[in-house]
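As stored in protein_15.txt (compact mmCIF, C-alpha atoms):
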```
# COMPACT_ATOMS: atom_id res chain seq x y z
CA MET M 1 18.80 8.04 -22.46
CA GLN M 2 15.99 10.44 -21.61
CA LEU M 3 16.19 11.67 -17.99
CA GLU M 4 13.95 14.75 -18.09
CA PHE M 5 10.21 14.28 -18.61
CA THR M 6 7.25 16.59 -18.86
CA ARG M 7 4.17 16.24 -16.69
CA GLU M 8 2.24 15.13 -19.77
CA GLU M 9 4.74 12.34 -20.43
CA LEU M 10 4.66 11.11 -16.83
CA LEU M 11 0.85 11.00 -16.83
CA SER M 12 0.48 9.48 -20.30
CA GLU M 13 -1.76 6.45 -20.78
CA HIS M 14 -1.54 3.47 -23.10
CA GLU M 15 -4.13 3.07 -25.81
CA TYR M 16 -6.32 0.41 -24.25
CA ALA M 17 -8.15 -2.19 -26.32
CA ARG M 18 -10.86 -2.00 -23.67
CA PRO M 19 -11.23 -0.07 -20.42
CA ASN M 20 -11.33 -1.53 -16.91
CA VAL M 21 -15.09 -1.72 -16.31
CA ILE M 22 -16.92 -4.15 -14.01
CA ASN M 23 -20.67 -4.12 -13.37
CA GLY M 24 -20.89 -0.71 -15.00
CA THR M 25 -18.22 0.83 -12.77
CA ARG M 26 -15.34 2.47 -14.63
CA MET M 27 -12.02 1.98 -12.92
CA HIS M 28 -8.61 3.16 -14.00
CA GLY M 29 -6.30 1.24 -16.30
CA GLY M 30 -7.34 -1.06 -19.11
CA PHE M 31 -6.41 -4.06 -21.22
CA ASP M 32 -4.36 -4.70 -24.33
CA LYS M 33 -5.59 -6.80 -27.25
CA SER M 34 -4.51 -10.04 -25.52
CA GLY M 35 -6.50 -9.18 -22.39
CA THR M 36 -3.50 -8.33 -20.22
CA TYR M 37 -4.17 -5.64 -17.63
CA ILE M 38 -2.17 -2.40 -18.00
CA PRO M 39 -1.84 -0.01 -15.02
CA PRO M 40 -2.98 3.60 -15.41
CA ARG M 41 -0.55 6.34 -16.38
CA SER M 42 2.20 3.78 -16.96
CA LEU M 43 3.21 4.62 -20.55
CA GLY M 44 5.76 7.32 -19.81
CA ARG M 45 6.06 6.72 -16.07
CA SER M 46 7.44 3.19 -16.47
CA VAL M 47 10.06 4.35 -18.98
CA ALA M 48 11.08 7.21 -16.71
CA ILE M 49 11.46 4.97 -13.65
CA GLU M 50 13.55 2.50 -15.63
CA ASN M 51 15.80 5.24 -17.00
CA TRP M 52 16.31 6.92 -13.63
CA THR M 53 17.08 3.54 -12.06
CA ASP M 54 19.69 2.79 -14.73
CA ALA M 55 21.24 6.22 -14.22
CA LEU M 56 21.35 5.74 -10.44
CA ARG M 57 23.13 2.42 -10.82
CA LYS M 58 25.65 3.93 -13.24
CA ARG M 59 26.44 6.49 -10.54
CA GLY M 60 27.15 3.65 -8.11
CA GLY M 61 23.85 3.76 -6.27
CA ASP M 62 20.80 1.50 -6.26
CA LEU M 63 17.19 1.30 -5.13
CA LEU M 64 16.72 1.23 -1.37
CA GLU M 65 17.24 -2.38 -0.34
CA ALA M 66 13.83 -3.45 0.91
CA ASP M 67 11.23 -6.10 0.21
CA SER M 68 8.12 -7.44 1.87
CA SER M 69 10.05 -10.27 3.54
CA LEU M 70 11.20 -7.61 6.02
CA LEU M 71 7.67 -7.28 7.33
CA SER M 72 7.31 -10.58 9.11
CA GLY M 73 5.22 -11.16 12.20
CA PRO M 74 1.85 -12.64 13.11
CA ARG M 75 -1.29 -11.60 11.25
CA LEU M 76 -4.84 -11.69 12.49
CA PRO M 77 -7.04 -12.90 11.05
CA ASN M 78 -4.89 -15.17 8.95
CA VAL M 79 -6.36 -16.93 5.91
CA GLU M 80 -7.55 -20.00 7.80
CA GLN M 81 -9.22 -17.86 10.46
CA GLN M 82 -10.90 -15.79 7.78
CA ARG M 83 -12.22 -18.93 6.09
CA LEU M 84 -13.56 -20.21 9.41
CA LEU M 85 -15.46 -17.00 10.11
CA ILE M 86 -17.01 -16.86 6.64
CA ARG M 87 -18.10 -20.51 6.84
CA GLU M 88 -19.68 -19.85 10.23
CA GLY M 89 -21.71 -16.91 8.91
CA MET M 90 -19.43 -14.15 10.23
CA SER M 91 -18.35 -12.67 6.89
CA ARG M 92 -18.59 -9.28 8.57
CA VAL M 93 -14.89 -9.47 9.48
CA PHE M 94 -13.95 -9.92 5.81
CA TRP M 95 -16.42 -7.21 4.78
CA ASN M 96 -14.93 -4.82 7.33
CA GLY M 97 -11.41 -5.57 6.11
CA LEU M 98 -12.24 -4.83 2.47
CA THR M 99 -14.15 -1.68 3.41
CA ILE M 100 -11.37 -0.34 5.62
CA THR M 101 -8.75 -1.10 2.97
CA GLY M 102 -10.75 0.81 0.38
CA LYS M 103 -11.14 3.82 2.64
CA ILE M 104 -7.45 3.86 3.54
CA GLU M 105 -6.57 3.66 -0.16
CA GLY M 106 -8.89 6.59 -0.79
CA ARG M 107 -6.98 8.68 1.72
CA GLY M 108 -3.92 8.20 -0.46
CA ARG M 109 -5.36 10.73 -2.89
CA MET M 110 -3.81 13.41 -0.66
CA LEU M 111 -0.55 12.66 -2.48
CA ALA M 112 -2.01 14.40 -5.51
CA THR M 113 -2.34 17.71 -3.66
CA MET M 114 0.22 17.60 -0.85
CA PRO M 115 2.70 20.51 -0.77
CA MET M 116 6.26 19.67 -1.76
CA PRO M 117 9.23 20.95 0.25
CA PRO M 118 11.92 22.79 -1.75
CA LEU M 119 14.08 19.74 -2.34
CA GLN M 120 16.55 21.27 -4.79
CA THR M 121 17.39 24.15 -2.46
CA CYS M 122 18.18 21.61 0.28
CA ILE M 123 20.26 19.21 -1.86
CA VAL M 124 23.79 19.99 -3.04
CA GLU M 125 23.65 18.02 -6.31
CA ASN M 126 21.44 18.90 -9.29
CA ILE M 127 18.34 16.67 -9.21
CA SER M 128 16.70 17.87 -12.44
CA GLU M 129 17.54 14.58 -14.21
CA MET M 130 16.46 12.39 -11.30
CA ALA M 131 13.12 11.07 -10.13
CA LEU M 132 13.39 13.45 -7.16
CA GLY M 133 13.37 16.36 -9.58
CA HIS M 134 10.05 15.16 -10.99
CA LEU M 135 8.05 14.58 -7.81
CA HIS M 136 6.29 17.90 -8.37
CA LYS M 137 5.95 17.26 -12.11
CA GLY M 138 3.38 14.49 -11.91
CA LEU M 139 4.94 11.58 -9.99
CA LEU M 140 3.22 12.19 -6.65
CA PHE M 141 0.05 13.30 -8.43
CA ALA M 142 -0.06 10.02 -10.38
CA HIS M 143 0.46 8.01 -7.19
CA GLY M 144 -2.35 9.91 -5.47
CA ILE M 145 -4.96 9.43 -8.16
CA ASP M 146 -3.94 5.78 -8.54
CA GLU M 147 -5.11 5.40 -4.95
CA GLY M 148 -8.09 7.73 -4.83
CA GLY M 149 -9.17 7.87 -8.48
CA GLU M 150 -10.59 10.74 -10.47
CA PRO M 151 -14.15 11.15 -9.18
CA GLU M 152 -14.64 14.25 -11.30
CA LYS M 153 -14.27 11.97 -14.35
CA ASP M 154 -16.21 9.07 -12.78
CA ILE M 155 -13.04 6.94 -12.83
CA GLY M 156 -12.39 4.93 -9.72
CA GLY M 157 -8.98 4.25 -8.25
CA HIS M 158 -7.96 1.61 -5.75
CA ASP M 159 -10.58 2.77 -3.29
CA VAL M 160 -13.43 2.01 -5.67
CA MET M 161 -11.75 -1.21 -6.84
CA TRP M 162 -11.79 -2.53 -3.27
CA PHE M 163 -15.45 -1.62 -2.82
CA VAL M 164 -16.35 -3.38 -6.09
CA ALA M 165 -14.40 -6.48 -5.02
CA ARG M 166 -16.22 -6.45 -1.68
CA ASP M 167 -19.65 -6.16 -3.24
CA LEU M 168 -18.91 -8.89 -5.79
CA SER M 169 -17.86 -11.41 -3.17
CA LEU M 170 -20.32 -10.60 -0.38
CA GLY M 171 -23.11 -8.54 -1.94
CA GLU M 172 -23.89 -4.85 -1.69
CA SER M 173 -24.71 -3.64 1.83
CA ALA M 174 -24.16 -7.11 3.26
CA TRP M 175 -23.00 -5.51 6.52
CA PRO M 176 -23.06 -2.00 8.01
CA ASP M 177 -20.43 0.52 6.97
CA VAL M 178 -17.25 0.72 9.03
CA ASP M 179 -14.41 3.23 9.35
CA PRO M 180 -10.68 2.53 9.74
CA PRO M 181 -9.39 2.27 13.31
CA ALA M 182 -6.91 4.72 14.77
CA SER M 183 -3.42 4.26 13.39
CA ILE M 184 -0.76 2.47 15.42
CA SER M 185 2.25 4.76 15.65
CA ARG M 186 5.57 4.19 17.29
CA PRO M 187 5.75 5.63 20.83
CA ASP M 188 8.60 7.92 19.73
CA SER M 189 6.99 8.99 16.48
CA GLY M 190 6.99 12.64 17.57
CA ASP M 191 10.72 12.76 18.26
CA ARG M 192 13.15 14.19 15.73
CA LYS M 193 15.46 11.55 14.28
CA MET M 194 17.31 13.70 11.73
CA PRO M 195 18.03 16.98 13.55
CA GLN M 196 20.92 17.71 11.18
CA ILE M 197 18.49 18.86 8.47
CA ALA M 198 15.52 21.22 8.31
CA PRO M 199 12.35 19.85 9.94
CA GLU M 200 10.33 19.98 6.71
CA ILE M 201 12.95 17.92 4.87
CA GLU M 202 13.17 15.42 7.72
CA GLY M 203 9.39 15.13 7.67
CA PHE M 204 9.40 14.47 3.94
CA LEU M 205 12.08 11.76 4.17
CA ALA M 206 10.20 10.12 7.03
CA PHE M 207 6.99 10.33 5.02
CA LEU M 208 8.54 8.54 2.04
CA MET M 209 9.90 5.74 4.23
CA ASN M 210 6.64 5.29 6.11
CA LEU M 211 4.75 5.23 2.81
CA LEU M 212 7.06 2.51 1.49
CA LEU M 213 6.47 0.54 4.67
CA ILE M 214 2.70 0.86 4.24
CA GLU M 215 2.96 -0.39 0.66
CA PHE M 216 4.84 -3.50 1.80
CA ARG M 217 2.40 -4.20 4.62
CA ALA M 218 -0.49 -3.81 2.20
CA GLU M 219 1.05 -6.28 -0.26
CA ILE M 220 1.05 -9.03 2.38
CA GLY M 221 -2.59 -8.38 3.20
CA PHE M 222 -3.60 -8.20 -0.46
CA ALA M 223 -2.12 -11.64 -1.14
CA ALA M 224 -4.02 -13.10 1.82
CA THR M 225 -7.24 -11.51 0.57
CA GLN M 226 -6.81 -13.13 -2.83
CA GLU M 227 -6.17 -16.50 -1.24
CA THR M 228 -9.39 -16.17 0.73
CA LEU M 229 -11.42 -15.06 -2.29
CA ARG M 230 -10.17 -18.03 -4.35
CA THR M 231 -11.13 -20.64 -1.76
CA ARG M 232 -13.36 -23.18 -3.48
CA GLY M 233 -16.84 -23.40 -2.05
CA LEU M 234 -16.34 -20.61 0.47
CA PHE M 235 -18.62 -18.09 -1.23
CA ALA M 236 -21.22 -20.64 -2.41
CA GLU M 237 -23.28 -19.25 -5.30
CA ARG M 238 -21.08 -16.14 -5.43
CA GLU M 239 -17.91 -18.12 -6.18
CA GLU M 240 -17.54 -16.85 -9.75
CA ARG M 241 -17.93 -13.27 -8.56
CA ALA M 242 -15.44 -13.88 -5.73
CA ASN M 243 -12.90 -15.07 -8.31
CA LEU M 244 -13.51 -11.88 -10.28
CA ALA M 245 -12.96 -9.93 -7.05
CA ALA M 246 -9.62 -11.71 -6.63
CA GLU M 247 -8.70 -10.60 -10.14
CA ILE M 248 -9.47 -6.99 -9.21
CA VAL M 249 -7.10 -7.33 -6.27
CA GLU M 250 -4.46 -8.67 -8.68
CA ARG M 251 -4.86 -5.51 -10.78
CA ILE M 252 -4.37 -3.40 -7.67
CA ARG M 253 -1.22 -5.37 -6.83
CA THR M 254 0.06 -4.78 -10.37
CA ASP M 255 -0.45 -1.03 -9.93
CA GLU M 256 1.29 -1.07 -6.55
CA LYS M 257 4.50 -2.46 -8.06
CA ILE M 258 5.03 0.93 -9.70
CA HIS M 259 4.53 2.66 -6.36
CA VAL M 260 7.01 0.41 -4.55
CA GLU M 261 9.68 0.74 -7.23
CA SER M 262 9.18 4.51 -7.33
CA LEU M 263 9.56 4.90 -3.56
CA ARG M 264 12.64 2.67 -3.50
CA LEU M 265 14.05 4.81 -6.31
CA TYR M 266 13.39 8.14 -4.54
CA LEU M 267 15.05 6.86 -1.37
CA GLY M 268 17.88 5.24 -3.33
CA GLU M 269 18.62 8.56 -4.99
CA LEU M 270 18.47 10.38 -1.68
CA ARG M 271 20.97 7.97 -0.13
CA THR M 272 23.62 9.03 -2.66
CA LEU M 273 23.05 12.79 -2.36
CA HIS M 274 24.30 15.38 0.08
CA LEU M 275 21.70 17.34 1.99
CA LYS M 276 22.42 20.78 3.38
CA SER M 277 22.51 20.70 7.17
CA VAL M 278 21.18 23.32 9.57
CA ASP M 279 24.74 24.22 10.57
CA ARG M 280 25.49 25.15 6.92
CA GLY M 281 27.37 21.93 6.33
CA GLU M 282 26.45 18.80 4.40
CA VAL M 283 25.31 15.31 5.35
CA LEU M 284 25.18 12.26 3.10
CA GLY M 285 21.63 10.99 2.66
CA SER M 286 22.48 7.42 3.62
CA GLU M 287 23.60 8.65 7.05
CA LEU M 288 20.05 9.89 7.62
CA ILE M 289 17.97 7.29 5.80
CA ASP M 290 19.68 4.05 6.84
CA PRO M 291 19.26 4.35 10.63
CA TYR M 292 15.70 5.66 10.32
CA TRP M 293 14.70 2.85 7.96
CA SER M 294 16.33 0.22 10.18
CA ASN M 295 14.44 1.51 13.20
CA LEU M 296 11.18 1.65 11.26
CA VAL M 297 11.54 -1.93 10.03
CA GLY M 298 12.39 -3.06 13.56
CA TRP M 299 9.12 -1.62 14.83
CA ALA M 300 7.11 -3.07 11.94
CA THR M 301 8.49 -6.58 12.46
CA GLY M 302 8.59 -6.46 16.24
CA ASP M 303 6.05 -4.68 18.43
CA GLN M 304 3.61 -3.43 15.79
CA PRO M 305 2.27 -6.78 14.52
CA ILE M 306 1.54 -7.95 18.06
CA ILE M 307 -0.15 -4.68 19.05
CA ALA M 308 -2.28 -4.71 15.91
CA ALA M 309 -3.19 -8.40 16.34
CA ARG M 310 -4.23 -7.89 19.96
CA GLN M 311 -6.49 -4.99 19.05
CA THR M 312 -8.04 -6.92 16.17
CA TYR M 313 -8.48 -10.05 18.30
CA ALA M 314 -10.56 -8.17 20.89
CA ALA M 315 -12.80 -6.69 18.18
CA ILE M 316 -13.32 -10.02 16.41
CA VAL M 317 -14.19 -11.84 19.63
CA GLU M 318 -17.01 -9.36 20.17
CA LEU M 319 -18.36 -10.18 16.71
CA ILE M 320 -18.03 -13.92 17.26
CA LYS M 321 -20.26 -13.56 20.33
CA GLU M 322 -23.13 -12.77 17.94
CA LEU M 323 -23.01 -16.37 16.64
CA PRO M 324 -25.22 -19.08 18.21
CA GLU M 325 -22.24 -21.41 18.76
CA HIS M 326 -19.81 -18.66 19.66
CA GLU M 327 -17.83 -20.68 22.20
CA ARG M 328 -17.00 -23.38 19.67
CA VAL M 329 -16.16 -20.85 16.97
CA GLN M 330 -13.94 -18.82 19.29
CA SER M 331 -12.10 -21.96 20.39
CA GLU M 332 -11.44 -22.94 16.77
CA PHE M 333 -10.48 -19.36 15.90
CA GLU M 334 -7.88 -19.38 18.66
CA ARG M 335 -6.57 -22.78 17.61
CA LEU M 336 -5.86 -21.40 14.13
CA MET M 337 -4.12 -18.28 15.45
CA ASP M 338 -0.52 -17.43 14.58
CA ALA M 339 1.90 -18.16 17.38
CA GLY M 340 2.65 -15.45 19.92
CA ILE M 341 -0.55 -13.41 19.91
CA LEU M 342 -2.42 -14.97 22.81
CA GLU M 343 0.78 -15.35 24.80
CA HIS M 344 1.40 -11.64 24.55
CA GLN M 345 -2.18 -10.90 25.49
CA ALA M 346 -1.94 -13.10 28.53
CA ALA M 347 1.22 -11.28 29.54
```

Serialized structure, structure tokens:
Amino acid sequence: MQLEFTREELLSEHEYARPNVINGTRMHGGFDKSGTYIPPRSLGRSVAIENWTDALRKRGGDLLEADSSLLSGPRLPNVEQQRLLIREGMSRVFWNGLTITGKIEGRGRMLATMPMPPLQTCIVENISEMALGHLHKGLLFAHGIDEGGEPEKDIGGHDVMWFVARDLSLGESAWPDVDPPASISRPDSGDRKMPQIAPEIEGFLAFLMNLLLIEFRAEIGFAATQETLRTRGLFAEREERANLAAEIVERIRTDEKIHVESLRLYLGELRTLHLKSVDRGEVLGSELIDPYWSNLVGWATGDQPIIAARQTYAAIVELIKELPEHERVQSEFERLMDAGILEHQAA
């Protein structure tokens, strides 16, 4: 079983029957002869991830146990609220959401150029035949350009795919441009949680876990976006284009499965390895990762959804005020709200 791969192998593409092009915009990936979408750079990467996963399990380990069901909590706007706003002429909320998602995805291109800490010098075991030993050999680069594309080649990544989906469903320049809001971080996000190891290694482990969390949170939102786009009659004469936009989102979700499995693999490998501690000893990775991940999930399923919903609620109410019948629309919007949001705001 092959466990060492070259950069060229990890970045290799399938031979597509046709490229992923919509309205003249070239996006990554393509289609086989049957019309099935194939993610970009998945020819060698998929084989490598499967092989490393098999090897990890043979050593008694496994992927980090995590799935999107961990990220429960209220969402705002939910699908019914989004449908209400679009029907009432306030599609700006949906437009903003698609625009912000695209811009956040574009920021992910930093993975392609981010500096890598010296993992092997900080890990006791040899990682040359593991995914961790290939992060600098194309894995993080592939993840980054999946998100932010290859503009120098006029090939769009997820950022462009979101903008195309937005324009298909709502029309180009339907609403003014908008930028992502400030991130919502945990109050203790500046505190060290793994002081046993070097700060740069702690930062990298925390980065991987936070990135995995972001991928899960995104998956929930992507599914809701598709449900909205596929609502019959909601987009009137643009319904066919809205359905095509939903298909673009499905392609993004297909790509993201590789990212999620990769991150779970990296962290699963790390759990089984011994990291060199600052006192010249060793510490098992699971002793570092498990408590941090548990705390992170607790935040993401507890305080964070409420804080995010409250901030979004205030912004949406201001937009609703632009409507002629804003009192009626706001009342209906609040009636459709997930439980717990208004109660927290009142408190």

Shortest contact to Glu150 in chain M, candidates M:Arg192, M:Arg26, M:Ala17, M:Trp293, atoms counted only C-alpha atoms, goes to M:Arg26

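Using all atoms listed in the file, the shortest contact distance between Glu172 in chain M and any of M:Leu84, M:Glu4, M:Ile155, M:Trp95 is found at M:Trp95.
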
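Considering the residues M:Arg109, M:Lys58, M:Arg232, M:Arg217 and counting all atoms listed in the file, Thr301 in chain M has its shortest atom-to-atom contact with M:Arg217.
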
Check your understanding: range 245-250 of chain M: which residues within 6 Å, counting all atoms listed in the file, same-chain residues fewer than 3 positions away excluded, as a PyMOL selection string?
Key -> chain M and resi 165+226+229+242+253

- Message: Excluding Ile201 in chain M and its own-chain neighbours fewer than 5 positions away, which residues fall within 9 Å of it when counting all atoms listed in the file? Please give them as an MDAnalysis selection string.
- Response: chainID M and resid 117:119 122 206

CA of Ser262 in chain M sits from CA of Arg166 in chain M at a separation of 28.2 Å

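Minimum distance to Asn243 in chain M across M:Thr53, M:Asn295, M:Gln330, M:Ser169 (counting only C-alpha atoms) occurs at M:Ser169.
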
Would you give me, as a Markdown table, each residue of range 52-123 of chain M having an atom within 12 Å of an atom of range 256-259 of chain M, along with its shortest atom pair and that distance in Å to one decimal, using all atoms listed in the file and sorting by chain and residue number?
```
| residue | atom | partner | partner_atom | distance |
| --- | --- | --- | --- | --- |
| M:Asp67 | CA | M:Lys257 | CA | 11.3 |
| M:Ser68 | CA | M:Lys257 | CA | 11.7 |
| M:Glu105 | CA | M:Glu256 | CA | 11.2 |
| M:Gly108 | CA | M:His259 | CA | 11.7 |
| M:Leu111 | CA | M:His259 | CA | 11.9 |
```

Correct to one decimal, the distance CA of Glu8 in chain M-CA of Gly156 in chain M is 20.5 Å

Selection: 8 Å around range 31-43 of chain M, all atoms listed in the file, excl. self and same-chain fewer than 6 positions, as a list in words:
Glu9, Leu10, Leu11, Ser12, Glu13, His14, Glu15, Tyr16, Ala17, Arg18, Pro19, Asn20, Ala142, Asp146, Arg251, Thr254 and Asp255 of chain M

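Between Gly203 in chain M and the candidates M:Gly302, M:Ala315, M:Ile145, M:Tyr292, the tightest atom-to-atom separation, counting only C-alpha atoms, involves M:Tyr292.
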
From the options M:Trp52, M:Asn78, M:Leu64, M:Val47, which residue's atoms come nearest to Ile220 in chain M, counting all atoms listed in the file?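 With all atoms listed in the file as the atom set, the closest residue is M:Asn78.
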
Self-check item: Contacts of Leu140 in chain M within 8 Å, all atoms listed in the file, excl. fewer than 4 positions in-chain, as an NGL selection string
Solution: :M and (111-112 or 135-136 or 144)

Neighbours of point (-3.9, -18.3, 7.5) within 9 Å, using all atoms listed in the file, written as a ChimeraX atom specification
/M:75-83,224,228,336-338

Could you rebuild range 46-74 of chain M with N, CA and C atoms and give it back as a PDB file, keeping the file's coordinate frame?
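Saved the output as out.pdb:
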```pdb
ATOM      1  N   SER M  46       6.613   4.403 -16.559  1.00  0.00           N
ATOM      2  CA  SER M  46       7.440   3.190 -16.470  1.00  0.00           C
ATOM      3  C   SER M  46       8.790   3.388 -17.139  1.00  0.00           C
ATOM      4  N   VAL M  47       8.795   4.066 -18.284  1.00  0.00           N
ATOM      5  CA  VAL M  47      10.060   4.350 -18.980  1.00  0.00           C
ATOM      6  C   VAL M  47      10.935   5.245 -18.123  1.00  0.00           C
ATOM      7  N   ALA M  48      10.328   6.266 -17.534  1.00  0.00           N
ATOM      8  CA  ALA M  48      11.080   7.210 -16.710  1.00  0.00           C
ATOM      9  C   ALA M  48      11.709   6.516 -15.511  1.00  0.00           C
ATOM     10  N   ILE M  49      10.942   5.670 -14.822  1.00  0.00           N
ATOM     11  CA  ILE M  49      11.460   4.970 -13.650  1.00  0.00           C
ATOM     12  C   ILE M  49      12.622   4.050 -14.039  1.00  0.00           C
ATOM     13  N   GLU M  50      12.479   3.381 -15.154  1.00  0.00           N
ATOM     14  CA  GLU M  50      13.550   2.500 -15.630  1.00  0.00           C
ATOM     15  C   GLU M  50      14.808   3.294 -15.965  1.00  0.00           C
ATOM     16  N   ASN M  51      14.647   4.419 -16.631  1.00  0.00           N
ATOM     17  CA  ASN M  51      15.800   5.240 -17.000  1.00  0.00           C
ATOM     18  C   ASN M  51      16.496   5.821 -15.785  1.00  0.00           C
ATOM     19  N   TRP M  52      15.711   6.348 -14.843  1.00  0.00           N
ATOM     20  CA  TRP M  52      16.310   6.920 -13.630  1.00  0.00           C
ATOM     21  C   TRP M  52      17.018   5.849 -12.808  1.00  0.00           C
ATOM     22  N   THR M  53      16.445   4.639 -12.791  1.00  0.00           N
ATOM     23  CA  THR M  53      17.080   3.540 -12.060  1.00  0.00           C
ATOM     24  C   THR M  53      18.417   3.175 -12.698  1.00  0.00           C
ATOM     25  N   ASP M  54      18.440   3.090 -14.028  1.00  0.00           N
ATOM     26  CA  ASP M  54      19.690   2.790 -14.730  1.00  0.00           C
ATOM     27  C   ASP M  54      20.738   3.871 -14.444  1.00  0.00           C
ATOM     28  N   ALA M  55      20.305   5.121 -14.468  1.00  0.00           N
ATOM     29  CA  ALA M  55      21.240   6.220 -14.220  1.00  0.00           C
ATOM     30  C   ALA M  55      21.777   6.176 -12.792  1.00  0.00           C
ATOM     31  N   LEU M  56      20.918   5.852 -11.838  1.00  0.00           N
ATOM     32  CA  LEU M  56      21.350   5.740 -10.440  1.00  0.00           C
ATOM     33  C   LEU M  56      22.399   4.654 -10.279  1.00  0.00           C
ATOM     34  N   ARG M  57      22.180   3.523 -10.928  1.00  0.00           N
ATOM     35  CA  ARG M  57      23.130   2.420 -10.820  1.00  0.00           C
ATOM     36  C   ARG M  57      24.459   2.757 -11.502  1.00  0.00           C
ATOM     37  N   LYS M  58      24.402   3.514 -12.576  1.00  0.00           N
ATOM     38  CA  LYS M  58      25.650   3.930 -13.240  1.00  0.00           C
ATOM     39  C   LYS M  58      26.445   4.886 -12.365  1.00  0.00           C
ATOM     40  N   ARG M  59      25.750   5.592 -11.463  1.00  0.00           N
ATOM     41  CA  ARG M  59      26.440   6.490 -10.540  1.00  0.00           C
ATOM     42  C   ARG M  59      26.935   5.749  -9.293  1.00  0.00           C
ATOM     43  N   GLY M  60      26.705   4.431  -9.252  1.00  0.00           N
ATOM     44  CA  GLY M  60      27.150   3.650  -8.110  1.00  0.00           C
ATOM     45  C   GLY M  60      26.111   3.439  -7.028  1.00  0.00           C
ATOM     46  N   GLY M  61      24.903   3.927  -7.248  1.00  0.00           N
ATOM     47  CA  GLY M  61      23.850   3.760  -6.270  1.00  0.00           C
ATOM     48  C   GLY M  61      22.907   2.630  -6.659  1.00  0.00           C
ATOM     49  N   ASP M  62      21.814   2.503  -5.939  1.00  0.00           N
ATOM     50  CA  ASP M  62      20.800   1.500  -6.260  1.00  0.00           C
ATOM     51  C   ASP M  62      19.522   1.848  -5.513  1.00  0.00           C
ATOM     52  N   LEU M  63      18.447   1.139  -5.855  1.00  0.00           N
ATOM     53  CA  LEU M  63      17.190   1.300  -5.130  1.00  0.00           C
ATOM     54  C   LEU M  63      17.411   0.954  -3.658  1.00  0.00           C
ATOM     55  N   LEU M  64      16.633   1.577  -2.778  1.00  0.00           N
ATOM     56  CA  LEU M  64      16.720   1.230  -1.370  1.00  0.00           C
ATOM     57  C   LEU M  64      16.480  -0.263  -1.215  1.00  0.00           C
ATOM     58  N   GLU M  65      17.372  -0.938  -0.516  1.00  0.00           N
ATOM     59  CA  GLU M  65      17.240  -2.380  -0.340  1.00  0.00           C
ATOM     60  C   GLU M  65      16.107  -2.674   0.627  1.00  0.00           C
ATOM     61  N   ALA M  66      15.017  -3.180   0.095  1.00  0.00           N
ATOM     62  CA  ALA M  66      13.830  -3.450   0.910  1.00  0.00           C
ATOM     63  C   ALA M  66      12.884  -4.337   0.136  1.00  0.00           C
ATOM     64  N   ASP M  67      12.285  -5.287   0.812  1.00  0.00           N
ATOM     65  CA  ASP M  67      11.230  -6.100   0.210  1.00  0.00           C
ATOM     66  C   ASP M  67      10.289  -6.565   1.307  1.00  0.00           C
ATOM     67  N   SER M  68       9.177  -7.117   0.903  1.00  0.00           N
ATOM     68  CA  SER M  68       8.120  -7.440   1.870  1.00  0.00           C
ATOM     69  C   SER M  68       8.513  -8.531   2.851  1.00  0.00           C
ATOM     70  N   SER M  69       9.613  -9.257   2.589  1.00  0.00           N
ATOM     71  CA  SER M  69      10.050 -10.270   3.540  1.00  0.00           C
ATOM     72  C   SER M  69      10.513  -9.629   4.852  1.00  0.00           C
ATOM     73  N   LEU M  70      10.810  -8.323   4.804  1.00  0.00           N
ATOM     74  CA  LEU M  70      11.200  -7.610   6.020  1.00  0.00           C
ATOM     75  C   LEU M  70      10.052  -7.505   7.001  1.00  0.00           C
ATOM     76  N   LEU M  71       8.835  -7.547   6.485  1.00  0.00           N
ATOM     77  CA  LEU M  71       7.670  -7.280   7.330  1.00  0.00           C
ATOM     78  C   LEU M  71       7.034  -8.569   7.808  1.00  0.00           C
ATOM     79  N   SER M  72       7.819  -9.326   8.558  1.00  0.00           N
ATOM     80  CA  SER M  72       7.310 -10.580   9.110  1.00  0.00           C
ATOM     81  C   SER M  72       6.507 -10.279  10.371  1.00  0.00           C
ATOM     82  N   GLY M  73       6.006 -11.337  10.987  1.00  0.00           N
ATOM     83  CA  GLY M  73       5.220 -11.160  12.200  1.00  0.00           C
ATOM     84  C   GLY M  73       3.848 -11.772  12.050  1.00  0.00           C
ATOM     85  N   PRO M  74       3.176 -12.018  13.163  1.00  0.00           N
ATOM     86  CA  PRO M  74       1.850 -12.640  13.110  1.00  0.00           C
ATOM     87  C   PRO M  74       0.810 -11.729  12.487  1.00  0.00           C
TER      88      PRO M  74
END
```
